[in-house]
>>> print(open('protein.cif').read())   # mmCIF, C-alpha atoms and all ligand atoms
data_work
loop_
_atom_site.group_PDB
_atom_site.id
_atom_site.type_symbol
_atom_site.label_atom_id
_atom_site.label_comp_id
_atom_site.auth_asym_id
_atom_site.auth_seq_id
_atom_site.Cartn_x
_atom_site.Cartn_y
_atom_site.Cartn_z
ATOM 1 C CA MET A 197 -5.932 4.664 33.138
ATOM 2 C CA SER A 198 -7.801 2.679 30.454
ATOM 3 C CA SER A 199 -5.822 1.267 27.512
ATOM 4 C CA PRO A 200 -6.492 2.553 23.993
ATOM 5 C CA PRO A 201 -8.998 0.612 21.824
ATOM 6 C CA VAL A 202 -7.575 -2.208 19.657
ATOM 7 C CA ASP A 203 -8.091 -0.266 16.435
ATOM 8 C CA SER A 204 -6.138 2.733 17.632
ATOM 9 C CA PRO A 205 -2.575 3.276 16.420
ATOM 10 C CA ASP A 206 -1.715 3.407 20.139
ATOM 11 C CA ALA A 207 -3.248 -0.007 20.765
ATOM 12 C CA PRO A 208 -0.981 -2.619 22.294
ATOM 13 C CA ASN A 209 0.120 -5.580 20.185
ATOM 14 C CA PRO A 210 -0.144 -4.038 16.698
ATOM 15 C CA LEU A 211 0.413 -6.291 13.675
ATOM 16 C CA ILE A 212 3.193 -4.078 12.371
ATOM 17 C CA GLU A 213 5.412 -1.576 14.044
ATOM 18 C CA LEU A 214 8.287 0.475 12.664
ATOM 19 C CA ARG A 215 10.485 1.550 15.547
ATOM 20 C CA ASN A 216 12.777 4.437 14.854
ATOM 21 C CA VAL A 217 13.529 3.161 11.376
ATOM 22 C CA THR A 218 16.070 4.805 9.136
ATOM 23 C CA CYS A 219 16.553 3.277 5.711
ATOM 24 C CA GLY A 220 17.443 4.035 2.142
ATOM 25 C CA TYR A 221 19.136 2.839 -0.989
ATOM 26 C CA GLY A 222 22.920 2.698 -1.084
ATOM 27 C CA ASP A 223 24.127 5.625 1.006
ATOM 28 C CA ARG A 224 21.008 7.656 0.349
ATOM 29 C CA VAL A 225 18.662 7.928 3.317
ATOM 30 C CA VAL A 226 14.999 7.830 2.260
ATOM 31 C CA LEU A 227 13.209 7.382 5.599
ATOM 32 C CA GLU A 228 14.605 8.844 8.778
ATOM 33 C CA ASN A 229 13.663 7.847 12.327
ATOM 34 C CA VAL A 230 10.184 6.758 11.332
ATOM 35 C CA ASN A 231 7.830 5.348 13.947
ATOM 36 C CA LEU A 232 4.662 3.794 12.586
ATOM 37 C CA THR A 233 2.050 1.493 14.046
ATOM 38 C CA VAL A 234 -0.388 -0.521 11.966
ATOM 39 C CA PRO A 235 -3.323 -1.703 14.080
ATOM 40 C CA ARG A 236 -4.813 -5.135 13.441
ATOM 41 C CA GLY A 237 -7.821 -5.581 11.221
ATOM 42 C CA LYS A 238 -7.861 -2.000 9.974
ATOM 43 C CA VAL A 239 -7.160 -0.177 6.721
ATOM 44 C CA LEU A 240 -4.172 2.127 7.033
ATOM 45 C CA ALA A 241 -3.536 4.508 4.155
ATOM 46 C CA LEU A 242 -0.088 5.828 3.329
ATOM 47 C CA MET A 243 -0.365 9.056 1.396
ATOM 48 C CA GLY A 244 1.847 11.974 0.580
ATOM 49 C CA THR A 245 4.210 13.507 -1.878
ATOM 50 C CA SER A 246 5.672 11.575 -4.760
ATOM 51 C CA GLY A 247 9.008 10.069 -3.816
ATOM 52 C CA GLY A 248 8.253 10.657 -0.120
ATOM 53 C CA GLY A 249 8.944 7.042 0.813
ATOM 54 C CA LYS A 250 5.540 5.306 0.855
ATOM 55 C CA THR A 251 6.512 2.312 -1.265
ATOM 56 C CA THR A 252 9.706 2.067 0.733
ATOM 57 C CA VAL A 253 7.580 1.464 3.846
ATOM 58 C CA LEU A 254 5.911 -1.461 2.072
ATOM 59 C CA ARG A 255 9.300 -2.849 1.069
ATOM 60 C CA LEU A 256 10.441 -2.685 4.697
ATOM 61 C CA VAL A 257 7.382 -4.542 5.916
ATOM 62 C CA GLY A 258 7.904 -7.263 3.287
ATOM 63 C CA ARG A 259 11.614 -7.288 4.188
ATOM 64 C CA LEU A 260 12.523 -6.594 0.585
ATOM 65 C CA LEU A 261 14.598 -3.875 2.172
ATOM 66 C CA ALA A 262 16.425 -3.955 5.524
ATOM 67 C CA PRO A 263 16.588 -0.842 7.693
ATOM 68 C CA MET A 264 19.919 0.869 8.287
ATOM 69 C CA SER A 265 18.843 1.268 11.907
ATOM 70 C CA GLY A 266 15.711 0.650 13.933
ATOM 71 C CA GLN A 267 13.358 -2.314 13.880
ATOM 72 C CA VAL A 268 10.490 -3.524 11.731
ATOM 73 C CA MET A 269 8.254 -5.687 13.919
ATOM 74 C CA PHE A 270 5.709 -8.087 12.423
ATOM 75 C CA ASP A 271 3.353 -9.642 14.951
ATOM 76 C CA GLY A 272 5.778 -8.791 17.736
ATOM 77 C CA VAL A 273 8.854 -10.242 16.018
ATOM 78 C CA ASP A 274 11.738 -8.187 14.627
ATOM 79 C CA LEU A 275 11.993 -9.265 10.979
ATOM 80 C CA ALA A 276 15.785 -8.901 11.219
ATOM 81 C CA THR A 277 15.937 -11.819 13.661
ATOM 82 C CA LEU A 278 14.281 -14.282 11.273
ATOM 83 C CA ASP A 279 16.260 -16.837 9.277
ATOM 84 C CA THR A 280 15.271 -17.657 5.699
ATOM 85 C CA ASP A 281 12.582 -20.146 6.746
ATOM 86 C CA GLY A 282 11.179 -17.726 9.311
ATOM 87 C CA LEU A 283 11.090 -14.914 6.803
ATOM 88 C CA TYR A 284 9.444 -17.157 4.248
ATOM 89 C CA ALA A 285 6.789 -18.102 6.825
ATOM 90 C CA ALA A 286 6.232 -14.427 7.712
ATOM 91 C CA ARG A 287 5.862 -13.490 4.052
ATOM 92 C CA ARG A 288 3.273 -16.203 3.587
ATOM 93 C CA ARG A 289 1.153 -14.272 6.049
ATOM 94 C CA MET A 290 1.383 -11.178 3.843
ATOM 95 C CA GLY A 291 -0.235 -10.515 0.493
ATOM 96 C CA MET A 292 1.626 -7.958 -1.538
ATOM 97 C CA LEU A 293 0.052 -6.293 -4.513
ATOM 98 C CA PHE A 294 3.023 -4.300 -5.663
ATOM 99 C CA GLN A 295 1.987 -4.503 -9.263
ATOM 100 C CA PHE A 296 -1.726 -4.741 -8.951
ATOM 101 C CA GLY A 297 -2.898 -6.697 -11.958
ATOM 102 C CA ALA A 298 0.435 -8.307 -12.830
ATOM 103 C CA LEU A 299 -1.039 -11.654 -13.779
ATOM 104 C CA PHE A 300 0.608 -14.548 -15.582
ATOM 105 C CA THR A 301 -0.610 -13.820 -19.093
ATOM 106 C CA ASP A 302 -0.517 -17.424 -20.316
ATOM 107 C CA LEU A 303 -2.539 -18.776 -17.382
ATOM 108 C CA SER A 304 -6.309 -18.598 -17.069
ATOM 109 C CA VAL A 305 -7.935 -16.536 -14.326
ATOM 110 C CA PHE A 306 -8.504 -19.796 -12.423
ATOM 111 C CA ASP A 307 -4.883 -20.919 -12.739
ATOM 112 C CA ASN A 308 -3.586 -17.495 -11.730
ATOM 113 C CA VAL A 309 -5.489 -17.710 -8.445
ATOM 114 C CA ALA A 310 -4.564 -21.388 -8.015
ATOM 115 C CA PHE A 311 -0.862 -20.612 -8.514
ATOM 116 C CA PRO A 312 0.080 -19.741 -4.898
ATOM 117 C CA LEU A 313 -1.979 -22.636 -3.570
ATOM 118 C CA ARG A 314 -0.234 -25.121 -5.863
ATOM 119 C CA GLU A 315 3.138 -23.526 -5.210
ATOM 120 C CA HIS A 316 2.990 -23.231 -1.427
ATOM 121 C CA THR A 317 0.650 -25.963 -0.204
ATOM 122 C CA ASN A 318 0.107 -29.692 -0.691
ATOM 123 C CA LEU A 319 -3.647 -29.357 -1.019
ATOM 124 C CA SER A 320 -5.476 -31.755 -3.320
ATOM 125 C CA GLU A 321 -6.664 -30.412 -6.677
ATOM 126 C CA ALA A 322 -10.252 -30.803 -5.457
ATOM 127 C CA MET A 323 -9.472 -28.534 -2.519
ATOM 128 C CA VAL A 324 -7.602 -26.067 -4.728
ATOM 129 C CA HIS A 325 -10.630 -25.975 -7.022
ATOM 130 C CA ASP A 326 -13.013 -25.109 -4.206
ATOM 131 C CA LEU A 327 -10.697 -22.518 -2.664
ATOM 132 C CA VAL A 328 -10.081 -20.794 -5.998
ATOM 133 C CA LEU A 329 -13.793 -20.558 -6.694
ATOM 134 C CA MET A 330 -14.390 -19.155 -3.203
ATOM 135 C CA LYS A 331 -11.752 -16.478 -3.726
ATOM 136 C CA LEU A 332 -13.024 -15.652 -7.201
ATOM 137 C CA ASN A 333 -16.536 -15.448 -5.796
ATOM 138 C CA ALA A 334 -15.341 -12.983 -3.157
ATOM 139 C CA VAL A 335 -14.182 -10.627 -5.917
ATOM 140 C CA GLY A 336 -17.247 -11.277 -8.099
ATOM 141 C CA LEU A 337 -15.407 -13.179 -10.823
ATOM 142 C CA ARG A 338 -16.357 -16.821 -10.339
ATOM 143 C CA GLY A 339 -17.900 -16.743 -13.800
ATOM 144 C CA ALA A 340 -14.681 -15.484 -15.402
ATOM 145 C CA ARG A 341 -12.557 -18.434 -14.293
ATOM 146 C CA ASP A 342 -11.786 -19.731 -17.784
ATOM 147 C CA LEU A 343 -10.798 -16.408 -19.335
ATOM 148 C CA LEU A 344 -7.230 -15.368 -20.003
ATOM 149 C CA PRO A 345 -5.939 -12.088 -18.521
ATOM 150 C CA SER A 346 -6.005 -10.590 -22.023
ATOM 151 C CA GLN A 347 -9.755 -11.229 -22.117
ATOM 152 C CA VAL A 348 -10.636 -9.264 -18.971
ATOM 153 C CA SER A 349 -10.729 -5.513 -18.353
ATOM 154 C CA GLY A 350 -8.093 -3.660 -16.340
ATOM 155 C CA GLY A 351 -10.423 -3.392 -13.366
ATOM 156 C CA MET A 352 -11.251 -7.103 -13.525
ATOM 157 C CA ALA A 353 -7.548 -7.980 -13.786
ATOM 158 C CA ARG A 354 -6.947 -6.178 -10.515
ATOM 159 C CA ARG A 355 -9.728 -8.132 -8.877
ATOM 160 C CA VAL A 356 -8.148 -11.365 -10.122
ATOM 161 C CA ALA A 357 -4.832 -10.209 -8.650
ATOM 162 C CA LEU A 358 -6.641 -9.518 -5.399
ATOM 163 C CA ALA A 359 -8.181 -13.007 -5.413
ATOM 164 C CA ARG A 360 -4.692 -14.400 -5.948
ATOM 165 C CA ALA A 361 -3.332 -12.270 -3.093
ATOM 166 C CA ILE A 362 -5.930 -13.649 -0.673
ATOM 167 C CA ALA A 363 -5.549 -17.250 -1.863
ATOM 168 C CA LEU A 364 -3.353 -18.176 1.098
ATOM 169 C CA ASP A 365 -5.512 -16.265 3.597
ATOM 170 C CA PRO A 366 -2.966 -13.601 4.514
ATOM 171 C CA GLU A 367 -3.302 -11.557 7.689
ATOM 172 C CA LEU A 368 -1.938 -8.494 5.926
ATOM 173 C CA ILE A 369 -2.388 -7.138 2.421
ATOM 174 C CA MET A 370 -0.276 -4.310 1.070
ATOM 175 C CA TYR A 371 -1.638 -2.446 -1.921
ATOM 176 C CA ASP A 372 0.569 -0.127 -3.937
ATOM 177 C CA GLU A 373 -1.584 2.328 -5.909
ATOM 178 C CA PRO A 374 -4.633 0.065 -6.260
ATOM 179 C CA PHE A 375 -6.687 2.754 -8.001
ATOM 180 C CA ALA A 376 -4.151 4.054 -10.490
ATOM 181 C CA GLY A 377 -5.466 4.144 -14.035
ATOM 182 C CA LEU A 378 -8.973 2.932 -13.209
ATOM 183 C CA ASP A 379 -12.172 4.572 -14.389
ATOM 184 C CA PRO A 380 -14.385 5.971 -11.584
ATOM 185 C CA ILE A 381 -16.686 2.926 -11.461
ATOM 186 C CA SER A 382 -13.845 0.383 -11.349
ATOM 187 C CA MET A 383 -12.147 2.563 -8.766
ATOM 188 C CA SER A 384 -15.189 2.525 -6.582
ATOM 189 C CA VAL A 385 -15.537 -1.261 -7.017
ATOM 190 C CA ALA A 386 -11.883 -1.756 -6.064
ATOM 191 C CA ALA A 387 -12.199 0.501 -3.018
ATOM 192 C CA THR A 388 -15.349 -1.220 -1.785
ATOM 193 C CA LEU A 389 -13.707 -4.597 -2.323
ATOM 194 C CA ILE A 390 -10.640 -3.654 -0.310
ATOM 195 C CA ARG A 391 -12.807 -2.473 2.547
ATOM 196 C CA ASP A 392 -15.227 -5.409 2.408
ATOM 197 C CA LEU A 393 -12.446 -8.006 2.302
ATOM 198 C CA ASN A 394 -10.798 -6.226 5.155
ATOM 199 C CA ARG A 395 -13.934 -6.429 7.270
ATOM 200 C CA ALA A 396 -15.120 -9.879 6.175
ATOM 201 C CA LEU A 397 -11.765 -11.620 6.524
ATOM 202 C CA GLY A 398 -10.369 -9.543 9.382
ATOM 203 C CA ILE A 399 -7.339 -8.693 7.263
ATOM 204 C CA THR A 400 -5.064 -5.780 8.073
ATOM 205 C CA SER A 401 -4.547 -3.611 4.994
ATOM 206 C CA ILE A 402 -1.986 -0.992 4.046
ATOM 207 C CA VAL A 403 -2.956 1.064 1.022
ATOM 208 C CA VAL A 404 -0.509 3.384 -0.728
ATOM 209 C CA SER A 405 -2.540 5.787 -2.814
ATOM 210 C CA HIS A 406 -2.807 9.295 -4.170
ATOM 211 C CA ASP A 407 -6.566 9.123 -4.636
ATOM 212 C CA VAL A 408 -7.866 11.126 -1.725
ATOM 213 C CA ASP A 409 -11.595 10.540 -2.186
ATOM 214 C CA GLU A 410 -11.439 6.755 -2.646
ATOM 215 C CA THR A 411 -8.816 6.276 0.015
ATOM 216 C CA PHE A 412 -10.529 8.413 2.630
ATOM 217 C CA LEU A 413 -13.723 6.410 2.079
ATOM 218 C CA ILE A 414 -12.094 3.151 3.112
ATOM 219 C CA ALA A 415 -9.235 4.102 5.441
ATOM 220 C CA ASP A 416 -9.516 3.920 9.208
ATOM 221 C CA HIS A 417 -6.264 5.766 9.660
ATOM 222 C CA VAL A 418 -4.294 7.970 7.278
ATOM 223 C CA VAL A 419 -0.555 8.557 7.505
ATOM 224 C CA PHE A 420 1.097 11.306 5.457
ATOM 225 C CA VAL A 421 4.685 10.660 4.444
ATOM 226 C CA ALA A 422 6.791 13.440 2.963
ATOM 227 C CA ASN A 423 10.521 13.913 2.669
ATOM 228 C CA GLY A 424 11.183 10.657 4.470
ATOM 229 C CA ARG A 425 9.141 11.509 7.550
ATOM 230 C CA ILE A 426 5.629 11.075 8.845
ATOM 231 C CA VAL A 427 4.308 14.612 8.754
ATOM 232 C CA ALA A 428 0.713 14.026 9.845
ATOM 233 C CA GLN A 429 -1.644 11.210 10.743
ATOM 234 C CA GLY A 430 -5.168 10.652 11.947
ATOM 235 C CA SER A 431 -8.613 9.599 10.782
ATOM 236 C CA PRO A 432 -9.782 10.787 7.338
ATOM 237 C CA GLU A 433 -12.014 13.321 9.098
ATOM 238 C CA GLU A 434 -9.082 14.640 11.087
ATOM 239 C CA MET A 435 -6.988 14.901 7.936
ATOM 240 C CA ARG A 436 -9.725 16.826 6.128
ATOM 241 C CA ALA A 437 -9.886 19.217 9.070
ATOM 242 C CA SER A 438 -6.104 19.472 9.383
ATOM 243 C CA THR A 439 -4.573 22.919 9.283
ATOM 244 C CA ASP A 440 -1.180 21.521 8.272
ATOM 245 C CA PRO A 441 -0.418 23.297 4.980
ATOM 246 C CA LEU A 442 1.035 20.152 3.377
ATOM 247 C CA VAL A 443 -2.002 18.053 4.286
ATOM 248 C CA GLN A 444 -4.309 20.834 3.108
ATOM 249 C CA GLN A 445 -2.463 21.049 -0.199
ATOM 250 C CA PHE A 446 -2.601 17.315 -0.702
ATOM 251 C CA VAL A 447 -6.210 16.783 0.375
ATOM 252 C CA GLY A 448 -7.354 19.823 -1.607
ATOM 253 C CA GLY A 449 -5.318 18.855 -4.659
ATOM 254 C CA GLN A 450 -3.701 22.299 -4.810
ATOM 255 C CA PRO A 451 -0.924 22.577 -7.382
ATOM 256 C CA ASP A 452 1.136 24.864 -5.190
ATOM 257 C CA GLY A 453 1.833 25.018 -1.476
ATOM 258 C CA PRO A 454 4.607 23.529 0.635
ATOM 259 C CA VAL A 455 5.137 21.222 -2.333
ATOM 260 C CA ARG A 456 6.033 23.612 -5.105
ATOM 261 C CA PHE A 457 4.636 23.481 -8.619
ATOM 262 C CA HIS A 458 7.767 25.041 -10.070
ATOM 263 C CA TYR A 459 10.997 23.144 -10.028
ATOM 264 C CA PRO A 460 13.619 25.658 -8.821
ATOM 265 C CA ALA A 461 14.657 27.734 -11.848
ATOM 266 C CA ALA A 462 16.381 30.939 -12.871
ATOM 267 C CA PRO A 463 14.120 34.044 -12.839
ATOM 268 C CA LEU A 464 11.770 34.257 -15.821
ATOM 269 C CA GLU A 465 13.278 37.503 -17.097
ATOM 270 C CA GLN A 466 16.668 35.825 -17.268
ATOM 271 C CA ASP A 467 15.415 32.805 -19.226
ATOM 272 C CA PHE A 468 13.303 34.897 -21.592
ATOM 273 C CA GLY A 469 15.841 37.683 -21.937
ATOM 274 C CA VAL A 470 13.382 40.407 -20.888
ATOM 275 C CA GLY A 471 14.293 43.307 -18.681
ATOM 276 C CA GLY A 472 12.365 44.967 -15.889
ATOM 277 C CA GLY A 473 10.381 43.317 -13.172
ATOM 278 C CA ALA A 474 8.306 40.885 -15.281
ATOM 279 C CA ARG A 475 7.611 37.547 -13.516
HETATM 280 N N1 LIG B 501 15.515 0.854 -5.808
HETATM 281 C C1 LIG B 501 15.822 2.129 -5.555
HETATM 282 N N2 LIG B 501 17.081 2.581 -5.668
HETATM 283 C C2 LIG B 501 17.411 3.867 -5.411
HETATM 284 N N3 LIG B 501 16.519 4.807 -5.020
HETATM 285 C C3 LIG B 501 15.239 4.423 -4.895
HETATM 286 C C4 LIG B 501 14.824 3.072 -5.168
HETATM 287 N N4 LIG B 501 13.487 2.995 -4.955
HETATM 288 C C5 LIG B 501 13.100 4.228 -4.577
HETATM 289 N N5 LIG B 501 14.133 5.080 -4.537
HETATM 290 C C6 LIG B 501 14.078 6.503 -4.135
HETATM 291 O O1 LIG B 501 13.584 6.569 -2.815
HETATM 292 C C7 LIG B 501 12.679 7.659 -2.655
HETATM 293 C C8 LIG B 501 11.369 7.150 -2.103
HETATM 294 O O2 LIG B 501 10.782 6.290 -3.075
HETATM 295 P P1 LIG B 501 9.378 5.592 -2.859
HETATM 296 O O3 LIG B 501 9.125 4.755 -4.061
HETATM 297 O O4 LIG B 501 9.327 4.941 -1.527
HETATM 298 O O5 LIG B 501 8.426 6.868 -2.838
HETATM 299 P P2 LIG B 501 6.842 6.949 -2.944
HETATM 300 O O6 LIG B 501 6.418 7.837 -1.824
HETATM 301 O O7 LIG B 501 6.244 5.585 -2.983
HETATM 302 O O8 LIG B 501 6.676 7.702 -4.332
HETATM 303 P P3 LIG B 501 5.517 7.636 -5.464
HETATM 304 O O9 LIG B 501 4.294 8.153 -4.820
HETATM 305 O O10 LIG B 501 6.030 8.547 -6.522
HETATM 306 O O11 LIG B 501 5.414 6.209 -5.885
HETATM 307 C C9 LIG B 501 12.570 8.318 -4.027
HETATM 308 O O12 LIG B 501 13.371 9.456 -4.040
HETATM 309 C C10 LIG B 501 13.087 7.290 -4.985
HETATM 310 O O13 LIG B 501 13.731 7.904 -6.067
#
>>> encode(input="protein.cif", output="structure tokens", more="lines below")
Ligand SMILES: Nc1ncnc2c1ncn2[C@@H]1O[C@H](COP(=O)(O)OP(=O)(O)OP(=O)(O)O)[C@@H](O)[C@H]1O
Amino acid sequence: MSSPPVDSPDAPNPLIELRNVTCGYGDRVVLENVNLTVPRGKVLALMGTSGGGKTTVLRLVGRLLAPMSGQVMFDGVDLATLDTDGLYAARRRMGMLFQFGALFTDLSVFDNVAFPLREHTNLSEAMVHDLVLMKLNAVGLRGARDLLPSQVSGGMARRVALARAIALDPELIMYDEPFAGLDPISMSVAATLIRDLNRALGITSIVVSHDVDETFLIADHVVFVANGRIVAQGSPEEMRASTDPLVQQFVGGQPDGPVRFHYPAAPLEQDFGVGGGAR
């Protein structure tokens, strides 16, 4: 029997693997018995209902949250087995854009991107200079190096944050809602950038997003998370063709379906004090 291709979620040796993970906050379970594989060098999208647990998956991978049971494997190593130095080293291999665009407001664009290099390496300033300009060039902002964050647009600020996230050449980048609040052009620029960086640098990317069109354009694999479980997964084409009512509702942007528009409430006639069968 031939083995699955390296970009398949069934491929051996994935960069990240959640094995039967249950986790939550306090006593509250948010993800239950989740198994998830993130293949190397691909863009994996996490989509699904609000509060379903997508950001929690990112927190697990960054070990900002420990599972109650199960294992979170990064490059074949259970994150729970790492000591502080090991965890620090693993995190250096990850870029996390939890607050895309959260730049240091009193530092220039250049110094924002230089920050992780100065903080985590002993590189000479000449080397830092060249690396920063390379990263800024990759996001199309070499010419904006001297501006302050307050002098760039929201879309540009996200690209600066992206340049900062790739400053240390991570193997993985996690994006939490990279398109939120962007106009259609900036959204398209951000999406193309995520995909191009992924391909050019061989980075593995996890994108949490609600924007179906942009996300489906760049994702190799889409995972739907709802109510703490993975309810569907496959290629964007497979998700568009899915007959699963929840996936259909989400992909089609329907207000009602398995996820209800109405919060459970008393019958209308009761609240409005009308008799009869009015609804
Ligand atoms: N720090 C926390 N403490 C307690 N509960 C939390 C915490 N963070 C998240 N939760 C809860 O865990 C559940 C999953 O949250 P999570 O942020 O992972 O969902 P999400 O799928 O990313 O949602 P959204 O799309 O709305 O951002 C939610 O019910 C949320 O209220």
>>> closest_residue(input="protein.cif", among="A:Ala363, A:Ala428, A:Val335, A:Leu293", to="Ala386 (chain A)", atoms="all atoms listed in the file")
A:Val335
>>> closest_residue(input="protein.cif", among="A:Ala462, A:Leu368, A:Met383, A:Leu232", to="Met290 (chain A)", atoms="all atoms listed in the file")
A:Leu368
>>> closest_residue(input="protein.cif", among="A:Ser405, A:Thr218, A:Ser265, A:Asn318", to="ligand LIG 501 (chain B)", atoms="all atoms listed in the file")
A:Ser405
>>> residues_near_ligand(input="protein.cif", ligand="ligand LIG 501 (chain B)", cutoff="7 Å", atoms="all atoms listed in the file", output="MDAnalysis selection string")
chainID A and resid 220:221 226 244:253
>>> write_last_selection(input="protein.cif", atoms="C-alpha atoms", output="CSV table (one decimal), in the frame of the given file")
chain,number,residue,atom,x,y,z
A,220,GLY,CA,17.4,4.0,2.1
A,221,TYR,CA,19.1,2.8,-1.0
A,226,VAL,CA,15.0,7.8,2.3
A,244,GLY,CA,1.8,12.0,0.6
A,245,THR,CA,4.2,13.5,-1.9
A,246,SER,CA,5.7,11.6,-4.8
A,247,GLY,CA,9.0,10.1,-3.8
A,248,GLY,CA,8.3,10.7,-0.1
A,249,GLY,CA,8.9,7.0,0.8
A,250,LYS,CA,5.5,5.3,0.9
A,251,THR,CA,6.5,2.3,-1.3
A,252,THR,CA,9.7,2.1,0.7
A,253,VAL,CA,7.6,1.5,3.8
>>> closest_residue(input="protein.cif", among="A:Ala310, A:Leu214, A:Ala361, A:Leu389", to="Asp271 (chain A)", atoms="all atoms listed in the file")
A:Leu214
>>> closest_residue(input="protein.cif", among="A:Ser384, A:Cys219, A:Pro460, A:Leu358", to="Asn333 (chain A)", atoms="only C-alpha atoms")
A:Leu358
>>> atom_distance(input="protein.cif", atom1="CA of Met264 (chain A)", atom2="CA of Thr280 (chain A)")
19.3 Å
>>> atom_distance(input="protein.cif", atom1="CA of Pro441 (chain A)", atom2="CA of Val427 (chain A)")
10.6 Å
>>> resolve_selection(input="protein.cif", expression="the PyMOL selection byres (((chain A and resi 350) around 9) and not hetatm)", output="compact mmCIF listing (two decimals) with C-alpha atoms, keeping the file's coordinate frame")
# COMPACT_ATOMS: atom_id res chain seq x y z
CA GLY A 297 -2.90 -6.70 -11.96
CA PRO A 345 -5.94 -12.09 -18.52
CA VAL A 348 -10.64 -9.26 -18.97
CA SER A 349 -10.73 -5.51 -18.35
CA GLY A 351 -10.42 -3.39 -13.37
CA MET A 352 -11.25 -7.10 -13.52
CA ALA A 353 -7.55 -7.98 -13.79
CA ARG A 354 -6.95 -6.18 -10.52
CA ARG A 355 -9.73 -8.13 -8.88
CA GLY A 377 -5.47 4.14 -14.04
CA LEU A 378 -8.97 2.93 -13.21
CA SER A 382 -13.84 0.38 -11.35
>>> resolve_selection(input="protein.cif", expression="the PyMOL selection byres (((chain A and resi 334) around 10) and not hetatm)", output="list in words")
Val328, Leu329, Met330, Lys331, Leu332, Asn333, Val335, Gly336, Leu337, Arg338, Arg355, Leu358, Ala359, Ile362, Leu389, Asp392, Leu393 and Ala396 of chain A
>>> atom_distance(input="protein.cif", atom1="CA of Leu254 (chain A)", atom2="CA of Met370 (chain A)")
6.9 Å
>>> resolve_selection(input="protein.cif", expression="the PyMOL selection byres (((chain A and resi 407) around 9) and not hetatm)", output="list in words")
Met243, Glu373, Phe375, Ala376, Ser405, His406, Val408, Asp409, Glu410, Thr411 and Phe412 of chain A
>>> residues_around(input="protein.cif", residues="Arg395 (chain A)", least_positions_apart="4", cutoff="9 Å", atoms="only C-alpha atoms", output="ChimeraX atom specification")
/A:237-238,390-391,399-400
>>> residues_around(input="protein.cif", residues="Leu211 (chain A)", least_positions_apart="5", cutoff="12 Å", atoms="all atoms listed in the file", output="PyMOL selection string")
chain A and resi 202-206+232-240+257+268-274+286+289-290+367-369+399-402
